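A.B. asks: My structure is stored as my_file.cif, with mmCIF, C-alpha atoms.
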```cif
data_target
#
loop_
_atom_site.label_atom_id
_atom_site.label_comp_id
_atom_site.auth_asym_id
_atom_site.auth_seq_id
_atom_site.Cartn_x
_atom_site.Cartn_y
_atom_site.Cartn_z
CA MET A 135 99.09 10.00 47.87
CA ILE A 136 101.75 11.08 45.32
CA GLY A 137 99.11 13.07 43.45
CA ARG A 138 98.21 14.98 46.62
CA THR A 139 101.87 15.70 47.40
CA VAL A 140 102.44 16.99 43.86
CA LEU A 141 99.32 19.17 44.15
CA ARG A 142 100.55 20.62 47.47
CA ALA A 143 104.00 21.30 46.02
CA ALA A 144 102.41 23.00 42.99
CA ILE A 145 100.24 25.21 45.24
CA ILE A 146 103.24 26.22 47.37
CA LEU A 147 105.35 26.98 44.28
CA ALA A 148 102.51 29.03 42.76
CA ALA A 149 102.14 31.00 46.02
CA VAL A 150 105.89 31.71 46.15
CA ALA A 151 105.88 32.85 42.51
CA LEU A 152 102.82 35.04 43.06
CA GLY A 153 104.36 36.54 46.20
CA SER A 154 107.54 37.34 44.31
CA VAL A 155 105.62 39.08 41.51
CA LEU A 156 103.39 41.08 43.89
CA MET A 157 106.30 42.17 46.10
CA ARG A 158 108.37 43.27 43.09
CA ARG A 159 105.40 45.27 41.79
CA ALA A 160 104.91 46.97 45.19
CA ASP A 161 108.63 47.67 45.38
CA ALA A 162 108.64 49.19 41.88
CA GLU A 163 105.82 51.56 42.88
CA PHE A 164 107.66 52.45 46.07
CA GLU A 165 110.81 53.39 44.14
CA LEU A 166 108.72 55.80 42.01
CA LEU A 167 107.62 57.81 45.06
CA PRO A 168 108.93 61.39 44.96
CA SER A 169 109.61 61.70 48.70
CA ARG A 170 112.28 59.43 50.17
CA PRO A 171 112.97 58.58 53.83
CA SER A 172 115.98 60.43 55.25
CA SER A 173 118.34 57.56 56.08
CA ALA A 174 119.28 54.43 54.13
CA TRP A 175 118.06 52.20 56.98
CA GLU A 176 114.71 53.97 57.11
CA HIS A 177 114.44 53.54 53.34
CA ARG A 178 115.08 49.79 53.67
CA TYR A 179 112.60 49.55 56.53
CA SER A 180 109.90 51.32 54.50
CA ARG A 181 110.58 49.07 51.49
CA VAL A 182 110.16 45.93 53.61
CA ARG A 183 106.97 47.20 55.23
CA ASN A 184 105.62 48.20 51.84
CA ALA A 185 106.19 44.74 50.35
CA LEU A 186 105.23 42.67 53.41
CA PRO A 187 101.41 42.79 52.98
CA TRP A 188 101.83 41.30 49.50
CA ALA A 189 103.83 38.41 50.94
CA GLY A 190 100.89 37.99 53.31
CA VAL A 191 98.41 37.96 50.42
CA ALA A 192 100.41 35.27 48.56
CA ALA A 193 100.85 33.17 51.73
CA THR A 194 97.13 33.45 52.51
CA LEU A 195 96.15 32.40 48.99
CA GLY A 196 98.61 29.49 49.09
CA ALA A 197 97.37 28.31 52.48
CA ALA A 198 93.74 28.71 51.35
CA GLY A 199 94.62 26.52 48.35
CA LEU A 200 96.14 23.90 50.65
CA VAL A 201 93.00 23.91 52.83
CA ALA A 202 90.77 23.59 49.76
CA ALA A 203 92.89 20.75 48.35
CA ASP A 204 92.84 18.74 51.57
CA PRO A 205 89.43 17.26 52.43
CA ARG A 206 90.54 16.61 56.04
CA SER A 207 91.09 20.34 56.58
CA ARG A 208 87.47 21.10 55.71
CA ARG A 209 86.08 18.65 58.26
CA ARG A 210 83.99 20.53 60.85
CA PRO A 211 84.69 21.93 63.35
CA TRP A 212 87.61 23.62 61.60
CA SER A 213 91.11 23.46 63.03
CA ALA A 214 92.73 26.62 64.42
CA GLY A 215 95.03 26.89 61.37
CA ALA A 216 92.15 26.63 58.89
CA ILE A 217 90.19 29.27 60.85
CA THR A 218 93.16 31.67 60.77
CA VAL A 219 93.63 31.18 57.03
CA ALA A 220 89.90 31.56 56.28
CA THR A 221 89.59 34.75 58.34
CA ALA A 222 92.71 36.32 56.83
CA ALA A 223 91.50 35.42 53.32
CA PHE A 224 88.02 36.84 53.98
CA THR A 225 89.36 40.11 55.42
CA ALA A 226 91.89 40.54 52.59
CA ALA A 227 89.15 39.88 50.00
CA VAL A 228 86.86 42.51 51.60
CA VAL A 229 89.67 45.09 51.71
CA ILE A 230 90.71 44.50 48.08
CA ALA A 231 87.09 44.54 46.84
CA SER A 232 86.26 47.76 48.72
CA TYR A 233 89.44 49.40 47.42
CA ILE A 234 88.66 48.53 43.82
CA LEU A 235 85.03 49.67 44.15
CA THR A 236 85.41 52.82 46.22
CA PHE A 237 88.92 54.26 46.24
CA PRO A 238 89.06 57.57 44.30
CA PRO A 239 90.99 57.13 41.01
CA ALA A 240 92.78 60.45 41.58
CA PHE A 241 94.82 58.80 44.34
CA ARG A 242 95.34 55.56 42.46
CA ALA A 243 97.69 56.49 39.62
CA ASN A 244 100.76 54.25 39.99
CA ARG A 245 100.00 53.84 43.69
CA ASP A 246 97.57 50.91 43.79
CA PHE A 247 99.99 48.49 45.42
CA ILE A 248 101.16 51.06 47.99
CA ASN A 249 97.63 52.20 48.95
CA LEU A 250 96.24 48.70 49.06
CA GLY A 251 99.29 47.43 50.96
CA ASP A 252 98.66 50.13 53.58
CA GLN A 253 95.03 49.07 54.02
CA LEU A 254 95.83 45.35 54.03
CA GLY A 255 98.64 45.91 56.53
CA THR A 256 96.15 47.48 58.96
CA ARG A 257 92.99 45.44 58.48
CA VAL A 258 94.26 41.88 58.16
CA PRO A 259 96.63 41.84 61.18
CA GLY A 260 93.70 43.18 63.25
CA ALA A 261 91.62 40.19 62.17
CA VAL A 262 94.50 37.82 62.97
CA ILE A 263 94.77 39.34 66.46
CA GLY A 264 91.02 38.75 66.95
CA VAL A 265 91.19 35.15 65.73
CA TRP A 266 94.15 34.32 67.93
CA VAL A 267 92.47 35.88 70.98
CA ALA A 268 89.30 33.86 70.37
CA LEU A 269 91.31 30.66 69.88
CA LEU A 270 93.62 31.26 72.84
CA LEU A 271 90.71 31.86 75.23
CA ALA A 272 89.61 28.25 74.72
CA PRO A 273 92.50 26.23 73.23
CA ARG A 274 91.45 23.47 70.85
CA ARG A 275 92.86 20.00 70.65
CA ARG A 276 95.75 20.19 68.17
CA ARG A 277 95.38 18.12 65.04
CA ARG A 278 96.52 17.96 61.42
CA ALA A 279 99.89 19.53 62.20
CA PRO A 280 100.74 20.72 58.63
CA MET A 281 97.56 22.80 58.47
CA GLU A 282 98.20 24.26 61.93
CA LEU A 283 101.66 25.22 60.75
CA ALA A 284 100.25 26.87 57.61
CA GLY A 285 97.83 28.89 59.75
CA LEU A 286 100.63 29.94 62.08
CA LEU A 287 102.81 30.93 59.11
CA VAL A 288 100.05 33.02 57.50
CA GLY A 289 99.19 34.72 60.79
CA GLY A 290 102.89 35.22 61.51
CA ILE A 291 103.58 36.94 58.18
CA TRP A 292 100.69 39.35 58.76
CA MET A 293 101.76 40.00 62.35
CA LEU A 294 105.33 40.70 61.20
CA ASP A 295 104.03 44.01 59.86
CA VAL A 296 102.74 44.90 63.34
CA VAL A 297 106.02 43.79 64.96
CA LEU A 298 107.99 45.98 62.53
CA LEU A 299 105.74 48.94 63.33
CA ILE A 300 106.35 48.47 67.06
CA LEU A 301 110.09 48.17 66.45
CA TYR A 302 110.13 51.46 64.53
CA GLY A 303 110.73 53.46 67.69
CA VAL A 304 113.41 51.03 68.84
CA ILE A 305 115.26 51.05 65.50
CA PHE A 306 115.02 54.73 64.61
CA GLY A 307 114.33 56.23 68.05
CA MET B 157 59.92 29.71 91.04
CA ARG B 158 63.34 29.05 89.41
CA PRO B 159 65.99 31.61 90.35
CA ASN B 160 67.46 33.69 87.52
CA PRO B 161 70.78 32.00 86.58
CA TYR B 162 72.28 35.27 85.29
CA ARG B 163 73.73 37.97 87.50
CA ARG B 164 71.69 41.13 87.95
CA PHE B 165 73.03 44.66 87.78
CA SER B 166 74.54 45.61 91.15
CA ILE B 167 76.05 48.65 92.87
CA ALA B 168 79.58 47.26 92.29
CA ASP B 169 78.85 47.04 88.53
CA ALA B 170 77.68 50.65 88.59
CA MET B 171 80.90 51.67 90.35
CA ILE B 172 83.03 49.97 87.67
CA LEU B 173 81.00 51.74 84.97
CA VAL B 174 81.48 55.10 86.73
CA VAL B 175 85.27 54.58 86.60
CA ALA B 176 84.99 53.68 82.89
CA GLY B 177 82.89 56.81 82.35
CA ALA B 178 85.55 58.94 84.03
CA VAL B 179 88.28 57.48 81.79
CA ALA B 180 86.02 58.01 78.74
CA ALA B 181 85.51 61.67 79.74
CA LEU B 182 89.27 62.11 80.14
CA LEU B 183 89.96 60.63 76.69
CA GLY B 184 87.12 62.66 75.19
CA ARG B 185 88.54 65.86 76.68
CA SER B 186 91.89 65.11 75.07
CA ILE B 187 90.20 64.54 71.70
CA ALA B 188 87.90 67.60 71.97
CA PRO B 189 90.37 70.28 70.73
CA SER B 190 90.74 68.48 67.41
CA LEU B 191 86.97 68.32 66.74
CA LYS B 192 86.14 70.92 64.11
CA GLU B 193 82.86 72.78 63.67
CA PRO B 194 80.86 71.10 60.89
CA PRO B 195 79.89 73.11 57.81
CA PRO B 196 76.20 74.15 57.83
CA SER B 197 74.99 71.53 55.32
CA GLY B 198 75.92 69.18 52.54
CA PHE B 199 77.96 66.08 52.28
CA ALA B 200 80.97 67.53 54.09
CA ALA B 201 78.78 68.07 57.19
CA ILE B 202 77.78 64.40 57.24
CA TRP B 203 81.44 63.46 56.92
CA GLN B 204 82.26 65.73 59.86
CA TYR B 205 79.50 64.23 62.05
CA VAL B 206 80.73 60.72 61.23
CA GLY B 207 84.19 61.82 62.35
CA TRP B 208 82.69 62.97 65.67
CA VAL B 209 80.88 59.67 66.18
CA GLN B 210 84.08 57.81 65.40
CA GLN B 211 86.42 59.84 67.58
CA VAL B 212 84.19 60.49 70.59
CA GLY B 213 82.55 57.05 70.33
CA THR B 214 85.84 55.18 70.43
CA CYS B 215 86.86 57.17 73.54
CA ALA B 216 83.72 55.83 75.24
CA ALA B 217 83.81 52.31 73.77
CA VAL B 218 87.35 51.36 74.82
CA PRO B 219 86.95 52.05 78.59
CA GLY B 220 83.44 50.59 78.35
CA MET B 221 84.79 47.31 77.01
CA ALA B 222 87.51 47.20 79.68
CA ALA B 223 84.75 47.72 82.27
CA MET B 224 82.68 44.90 80.75
CA ILE B 225 85.63 42.51 81.16
CA ALA B 226 85.94 43.49 84.83
CA ILE B 227 82.17 43.13 85.34
CA ARG B 228 82.12 39.76 83.57
CA LEU B 229 84.95 38.42 85.74
CA ARG B 230 83.19 39.30 89.02
CA ARG B 231 81.68 36.39 90.91
CA PRO B 232 79.37 34.59 90.33
CA ARG B 233 80.67 34.05 86.79
CA PRO B 234 80.46 31.25 84.22
CA SER B 235 83.30 28.74 83.84
CA ARG B 236 86.34 29.74 81.74
CA LEU B 237 85.16 27.50 78.89
CA ARG B 238 81.68 29.07 78.84
CA LEU B 239 83.22 32.55 78.98
CA SER B 240 85.28 31.79 75.87
CA PHE B 241 82.07 30.94 73.98
CA GLN B 242 80.38 34.29 74.77
CA PRO B 243 80.71 36.71 71.84
CA GLY B 244 80.40 39.78 74.07
CA PHE B 245 83.29 38.79 76.33
CA VAL B 246 85.46 37.61 73.40
CA ALA B 247 84.87 40.93 71.58
CA CYS B 248 85.93 42.90 74.67
CA VAL B 249 89.13 40.86 75.12
CA ALA B 250 89.92 41.09 71.38
CA VAL B 251 89.59 44.89 71.48
CA MET B 252 91.89 45.13 74.50
CA ALA B 253 94.46 42.87 72.80
CA SER B 254 94.27 44.88 69.57
CA LEU B 255 95.17 48.08 71.46
CA LEU B 256 98.51 46.62 72.60
CA PRO B 257 100.46 47.02 69.30
CA GLY B 258 99.39 50.66 69.00
CA LEU B 259 100.28 51.40 72.62
CA ALA B 260 103.67 49.67 72.18
CA TRP B 261 104.30 51.75 69.03
CA TYR B 262 103.39 54.93 70.91
CA ALA B 263 105.65 54.00 73.84
CA GLY B 264 108.52 53.65 71.34
CA ILE B 265 108.07 56.99 69.59
CA ARG B 266 106.56 59.30 72.21
CA HIS B 267 109.90 60.93 73.06
CA ARG B 268 110.27 62.18 69.44
CA PRO B 269 109.91 65.95 69.07
CA GLY B 270 106.61 66.12 67.13
CA PHE B 271 104.76 63.76 69.43
CA GLN B 272 104.46 66.06 72.44
CA ARG B 273 102.75 69.04 70.89
CA PRO B 274 99.16 69.71 71.97
CA GLY B 275 96.44 68.30 69.72
CA PHE B 276 98.53 65.32 68.71
CA PHE B 277 96.54 62.96 70.91
CA ASP B 278 93.78 62.44 68.33
CA GLN B 279 96.28 61.17 65.74
CA VAL B 280 97.90 58.86 68.27
CA TRP B 281 94.47 57.63 69.38
CA TYR B 282 93.50 56.95 65.76
CA CYS B 283 96.66 54.82 65.33
CA VAL B 284 96.15 53.02 68.64
CA THR B 285 92.59 51.99 67.69
CA GLU B 286 93.49 51.09 64.10
CA TRP B 287 93.24 47.31 64.59
CA THR B 288 90.15 47.14 66.81
CA GLY B 289 87.35 46.87 64.21
CA THR B 290 88.83 43.95 62.35
CA ALA B 291 89.91 42.34 65.64
CA VAL B 292 86.24 42.06 66.66
CA LEU B 293 85.35 40.81 63.17
CA GLY B 294 88.15 38.22 63.26
CA ALA B 295 87.25 37.02 66.77
CA TRP B 296 83.58 36.59 65.83
CA ILE B 297 84.40 34.80 62.56
CA ALA B 298 86.64 32.45 64.57
CA LEU B 299 83.79 31.76 67.04
CA LEU B 300 81.37 31.07 64.20
CA LEU B 301 83.74 28.79 62.24
CA ALA B 302 84.68 26.89 65.40
CA ARG B 303 80.95 26.54 66.22
CA ARG B 304 81.46 28.26 69.55
CA TRP B 305 79.04 31.18 69.18
CA ARG B 306 76.95 30.79 72.36
CA PRO B 307 75.57 34.18 73.39
CA GLU B 308 74.25 34.43 76.95
CA PRO B 309 70.84 36.11 77.38
CA SER B 310 72.15 38.48 80.06
CA TRP B 311 72.78 42.23 80.17
CA ILE B 312 76.56 41.70 80.45
CA ASP B 313 76.97 39.69 77.24
CA ARG B 314 74.41 41.85 75.40
CA THR B 315 76.35 45.01 76.27
CA GLY B 316 79.59 43.38 75.12
CA ARG B 317 77.95 42.35 71.84
CA ALA B 318 76.51 45.85 71.33
CA LEU B 319 80.00 47.37 71.80
CA GLY B 320 81.41 44.77 69.38
CA PHE B 321 78.77 45.72 66.81
CA TYR B 322 79.77 49.37 67.30
CA TRP B 323 83.30 48.59 66.05
CA ILE B 324 82.03 46.54 63.10
CA GLY B 325 79.54 49.32 62.35
CA LEU B 326 82.41 51.82 62.22
CA LEU B 327 84.21 49.60 59.71
CA VAL B 328 81.10 49.35 57.52
CA LEU B 329 80.48 53.08 57.90
CA SER B 330 84.02 53.98 56.79
CA TYR B 331 83.66 51.86 53.64
CA GLY B 332 80.11 53.18 53.07
CA ILE B 333 81.25 56.81 53.32
CA GLN B 334 84.13 56.09 50.94
CA ALA B 335 81.63 54.59 48.47
CA MET B 336 79.31 57.60 48.83
CA LEU B 337 82.19 60.01 48.21
CA GLU B 338 83.04 58.08 45.07
CA LEU B 339 79.38 58.20 43.93
CA GLN B 340 79.34 61.95 44.62
CA ARG B 341 82.52 62.39 42.58
CA ARG B 342 80.89 60.58 39.66
CA GLY B 343 77.88 62.89 39.90
CA PHE B 344 75.31 60.45 41.28
CA LEU B 345 75.00 62.31 44.62
CA HIS B 346 74.79 66.06 45.29
#
```
Mind turning the file's structure into structure tokens?

C.D. replies:
Amino acid sequence: MIGRTVLRAAIILAAVALGSVLMRRADAEFELLPSRPSSAWEHRYSRVRNALPWAGVAATLGAAGLVAADPRSRRRPWSAGAITVATAAFTAAVVIASYILTFPPAFRANRDFINLGDQLGTRVPGAVIGVWVALLLAPRRRRRAPMELAGLLVGGIWMLDVVLLILYGVIFG
Amino acid sequence: MRPNPYRRFSIADAMILVVAGAVAALLGRSIAPSLKEPPPSGFAAIWQYVGWVQQVGTCAAVPGMAAMIAIRLRRPRPSRLRLSFQPGFVACVAVMASLLPGLAWYAGIRHRPGFQRPGFFDQVWYCVTEWTGTAVLGAWIALLLARRWRPEPSWIDRTGRALGFYWIGLLVLSYGIQAMLELQRRGFLH
């Protein structure tokens, strides 16, 4: 029991550390961009939206680690949280792989994290919307609350990007 | 002889599809000014044709999927639980839900100066339909992982599935074209 708790804590700490590194890297690339948004608020907004997909990647990896470490989470049929995490992880993996394999190098110099963040910020929230629609149409019996919470957190971080996009008109309109 | 348990195509279904067709034509007309003439040959022409399929196709697919939801919900219909297991219906609902963020974004910014000029509709439409492909993918992965993939052998669910595959096909096509462009750049394609 203690071993499992330590393992969970280690996975969460690793995800937080990874998220911090990825977000700093994305932020550093953003600061190198020649064109800057006009106002200070718009600049802050763009910085947050630029770093957010990388928080999503770290949260997804952490939650996927928690699912993999917990044998109860893998019991079929999967819980709603595990399904959300698995779908987000699959979509993110496809986007990253296709970017590495196909994106023209001319557009990649010092912009990998920005370009990839853009693509992740579009593709993965779409998949989360789809998963939540499918799960909401026929609600499942809730079980294994920590895993449900992890799924909700992962989906929520990805959807935050969509919420910020919608709020753009409200904030800067 | 056992009666067919699935609903046949009726006049009311045709009327719903006619309305969807009218909306599709309206959207297509708004997109039409931005469609450019393709170059006579070569890779750029293929790219242009793919753009046509994407832009005009999405204008037809979105109203079509809304129509399929309306047709599916007409009586006699399966129970709510059975409906939620049908991949065609789930794909249609997922596409409609995925349009909401884009429409909300557009509602927030449409009063800005640049967003009223003619020919801007295609860019707005591209943003509105940005989440749809992966929404279908996500909904179908969720059905498969939850062991709820129960397609119905009827024209309604088949049409919904075909429209769902259209969106996934667009996703695959966009990555495929990107890969081909990269191969062309490296000199493997001419």

A.B. asks: Write out as JSON lines a residue-level contact list of chain B versus chain A with cut-off 9 Å: for each qualifying residue the closest pair of atoms and the distance in Å to one decimal, counting all atoms listed in the file, rows sorted by chain and residue number upward.

C.D. replies:
```
{"residue": "B:Arg236", "atom": "CA", "partner": "A:Ala272", "partner_atom": "CA", "distance": 7.9}
{"residue": "B:Leu237", "atom": "CA", "partner": "A:Ala272", "partner_atom": "CA", "distance": 6.1}
{"residue": "B:Arg238", "atom": "CA", "partner": "A:Ala272", "partner_atom": "CA", "distance": 9.0}
{"residue": "B:Leu239", "atom": "CA", "partner": "A:Leu271", "partner_atom": "CA", "distance": 8.4}
{"residue": "B:Ser240", "atom": "CA", "partner": "A:Leu271", "partner_atom": "CA", "distance": 5.5}
{"residue": "B:Phe241", "atom": "CA", "partner": "A:Ala272", "partner_atom": "CA", "distance": 8.0}
{"residue": "B:Val246", "atom": "CA", "partner": "A:Ala268", "partner_atom": "CA", "distance": 6.2}
{"residue": "B:Ala247", "atom": "CA", "partner": "A:Gly264", "partner_atom": "CA", "distance": 8.0}
{"residue": "B:Val249", "atom": "CA", "partner": "A:Val267", "partner_atom": "CA", "distance": 7.3}
{"residue": "B:Ala250", "atom": "CA", "partner": "A:Gly264", "partner_atom": "CA", "distance": 5.1}
{"residue": "B:Val251", "atom": "CA", "partner": "A:Gly264", "partner_atom": "CA", "distance": 7.8}
{"residue": "B:Ala253", "atom": "CA", "partner": "A:Ile263", "partner_atom": "CA", "distance": 7.3}
{"residue": "B:Ser254", "atom": "CA", "partner": "A:Ile263", "partner_atom": "CA", "distance": 6.4}
{"residue": "B:Pro257", "atom": "CA", "partner": "A:Ile300", "partner_atom": "CA", "distance": 6.5}
{"residue": "B:Gly258", "atom": "CA", "partner": "A:Ile300", "partner_atom": "CA", "distance": 7.5}
{"residue": "B:Leu259", "atom": "CA", "partner": "A:Ile300", "partner_atom": "CA", "distance": 8.7}
{"residue": "B:Ala260", "atom": "CA", "partner": "A:Ile300", "partner_atom": "CA", "distance": 5.9}
{"residue": "B:Trp261", "atom": "CA", "partner": "A:Ile300", "partner_atom": "CA", "distance": 4.3}
{"residue": "B:Tyr262", "atom": "CA", "partner": "A:Ile300", "partner_atom": "CA", "distance": 8.1}
{"residue": "B:Ala263", "atom": "CA", "partner": "A:Gly303", "partner_atom": "CA", "distance": 8.0}
{"residue": "B:Gly264", "atom": "CA", "partner": "A:Gly303", "partner_atom": "CA", "distance": 4.3}
{"residue": "B:Ile265", "atom": "CA", "partner": "A:Gly303", "partner_atom": "CA", "distance": 4.8}
{"residue": "B:Arg266", "atom": "CA", "partner": "A:Gly303", "partner_atom": "CA", "distance": 8.5}
{"residue": "B:His267", "atom": "CA", "partner": "A:Gly307", "partner_atom": "CA", "distance": 8.2}
{"residue": "B:Arg268", "atom": "CA", "partner": "A:Gly307", "partner_atom": "CA", "distance": 7.3}
{"residue": "B:Glu286", "atom": "CA", "partner": "A:Thr256", "partner_atom": "CA", "distance": 6.8}
{"residue": "B:Trp287", "atom": "CA", "partner": "A:Gly260", "partner_atom": "CA", "distance": 4.4}
{"residue": "B:Thr288", "atom": "CA", "partner": "A:Gly260", "partner_atom": "CA", "distance": 6.4}
{"residue": "B:Gly289", "atom": "CA", "partner": "A:Gly260", "partner_atom": "CA", "distance": 7.4}
{"residue": "B:Thr290", "atom": "CA", "partner": "A:Ala261", "partner_atom": "CA", "distance": 4.7}
{"residue": "B:Ala291", "atom": "CA", "partner": "A:Gly264", "partner_atom": "CA", "distance": 4.0}
{"residue": "B:Val292", "atom": "CA", "partner": "A:Gly264", "partner_atom": "CA", "distance": 5.8}
{"residue": "B:Leu293", "atom": "CA", "partner": "A:Ala261", "partner_atom": "CA", "distance": 6.4}
{"residue": "B:Gly294", "atom": "CA", "partner": "A:Ala261", "partner_atom": "CA", "distance": 4.1}
{"residue": "B:Ala295", "atom": "CA", "partner": "A:Gly264", "partner_atom": "CA", "distance": 4.2}
{"residue": "B:Trp296", "atom": "CA", "partner": "A:Val265", "partner_atom": "CA", "distance": 7.7}
{"residue": "B:Ile297", "atom": "CA", "partner": "A:Thr221", "partner_atom": "CA", "distance": 6.7}
{"residue": "B:Ala298", "atom": "CA", "partner": "A:Val265", "partner_atom": "CA", "distance": 5.4}
{"residue": "B:Leu299", "atom": "CA", "partner": "A:Ala268", "partner_atom": "CA", "distance": 6.8}
{"residue": "B:Leu301", "atom": "CA", "partner": "A:Trp212", "partner_atom": "CA", "distance": 6.5}
{"residue": "B:Ala302", "atom": "CA", "partner": "A:Pro211", "partner_atom": "CA", "distance": 5.4}
{"residue": "B:Arg303", "atom": "CA", "partner": "A:Pro211", "partner_atom": "CA", "distance": 6.6}
{"residue": "B:Tyr331", "atom": "CA", "partner": "A:Ser232", "partner_atom": "CA", "distance": 6.9}
{"residue": "B:Gly332", "atom": "CA", "partner": "A:Thr236", "partner_atom": "CA", "distance": 8.7}
{"residue": "B:Gln334", "atom": "CA", "partner": "A:Thr236", "partner_atom": "CA", "distance": 5.9}
{"residue": "B:Ala335", "atom": "CA", "partner": "A:Thr236", "partner_atom": "CA", "distance": 4.7}
{"residue": "B:Met336", "atom": "CA", "partner": "A:Thr236", "partner_atom": "CA", "distance": 8.2}
{"residue": "B:Leu337", "atom": "CA", "partner": "A:Thr236", "partner_atom": "CA", "distance": 8.1}
{"residue": "B:Glu338", "atom": "CA", "partner": "A:Thr236", "partner_atom": "CA", "distance": 5.9}
{"residue": "B:Leu339", "atom": "CA", "partner": "A:Thr236", "partner_atom": "CA", "distance": 8.4}
{"residue": "B:Arg341", "atom": "CA", "partner": "A:Pro238", "partner_atom": "CA", "distance": 8.3}
```

A.B. asks: Could you tell me which residues the PyMOL selection byres ((chain A and resi 287) around 10) grabs in this file, written as a list in words?

C.D. replies: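 Evaluating the PyMOL selection byres ((chain A and resi 287) around 10) on this file yields Gly190, Ala193, Thr194, Ala197, Gly215, Thr218, Val219, Met281, Glu282, Leu283, Ala284, Gly285, Leu286, Val288, Gly289, Gly290, Ile291, Trp292 and Met293 of chain A.
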
A.B. asks: Choose the residue, out of B:Ala168, B:Cys283, B:Leu300, B:Ala181, that has the smallest atom-to-atom separation from B:Leu256; count all atoms listed in the file.

C.D. replies: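 For B:Leu256, the nearest of the given residues is B:Cys283.
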
A.B. asks: Please measure the separation of atom CA of B:Gln279 and atom CA of B:Thr214, giving the value in Å to one decimal.

C.D. replies: 12.9 Å

A.B. asks: Could you jot down the atom CA of B:Pro219 to atom CA of B:Arg231 separation for me, Å, one decimal place?

C.D. replies: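 Value for the atom CA of B:Pro219-atom CA of B:Arg231 distance: 20.6 Å.
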
A.B. asks: What do you get, as a list in words, if you spell out every residue that the PyMOL selection byres ((chain A and resi 179-182) around 10) selects here?

C.D. replies: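 Applied to this file, the PyMOL selection byres ((chain A and resi 179-182) around 10) returns Met157, Ala160, Asp161, Ala162, Phe164, Glu165, Arg170, Pro171, Ser173, Ala174, Trp175, Glu176, His177, Arg178, Arg183, Asn184, Ala185, Leu186, Pro187, Asp295, Leu298, Leu299, Tyr302, Ile305 and Phe306 of chain A.
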
A.B. asks: For those residues, write C-alpha atoms to a file as a tab-separated table (two decimals), in the coordinates of the input.

C.D. replies:
```tsv
chain	number	residue	atom	x	y	z
A	157	MET	CA	106.30	42.17	46.10
A	160	ALA	CA	104.91	46.97	45.19
A	161	ASP	CA	108.63	47.67	45.38
A	162	ALA	CA	108.64	49.19	41.88
A	164	PHE	CA	107.66	52.45	46.07
A	165	GLU	CA	110.81	53.39	44.14
A	170	ARG	CA	112.28	59.43	50.17
A	171	PRO	CA	112.97	58.58	53.83
A	173	SER	CA	118.34	57.56	56.08
A	174	ALA	CA	119.28	54.43	54.13
A	175	TRP	CA	118.06	52.20	56.98
A	176	GLU	CA	114.71	53.97	57.11
A	177	HIS	CA	114.44	53.54	53.34
A	178	ARG	CA	115.08	49.79	53.67
A	183	ARG	CA	106.97	47.20	55.23
A	184	ASN	CA	105.62	48.20	51.84
A	185	ALA	CA	106.19	44.74	50.35
A	186	LEU	CA	105.23	42.67	53.41
A	187	PRO	CA	101.41	42.79	52.98
A	295	ASP	CA	104.03	44.01	59.86
A	298	LEU	CA	107.99	45.98	62.53
A	299	LEU	CA	105.74	48.94	63.33
A	302	TYR	CA	110.13	51.46	64.53
A	305	ILE	CA	115.26	51.05	65.50
A	306	PHE	CA	115.02	54.73	64.61
```

A.B. asks: Enter the distance from atom CA of A:Ile145 to atom CA of A:Leu200, in Å, rounded to one decimal.

C.D. replies: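 Atom-to-atom, atom CA of A:Ile145 and atom CA of A:Leu200 are spaced 6.9 Å apart.
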
A.B. asks: Using all atoms listed in the file, which residue out of B:Ala170, B:Ile187, B:Ala223, B:Met252 lies closest to B:Gln211?

C.D. replies: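 Counting all atoms listed in the file, the residue closest to B:Gln211 is B:Ile187.
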
A.B. asks: Using only C-alpha atoms for the distances, tell me which of A:Leu254, A:Ala223, A:Ala231, A:Leu156 is nearest to A:Val201.

C.D. replies: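 Looking only at the distances to A:Val201, the closest residue turns out to be A:Ala223.
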
A.B. asks: Could you tell me which residues the PyMOL selection byres ((chain B and resi 228) around 10) returns for this structure, as a ChimeraX atom specification?

C.D. replies: /B:163,169,222-227,229-234,239,244-245,312-313,316

A.B. asks: Measuring atom to atom with all atoms listed in the file, identify which of A:Leu250, A:Leu294, A:Ile136, A:Ala151 is nearest to A:Glu163.

C.D. replies: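 Selected residue with least distance to A:Glu163: A:Leu250.
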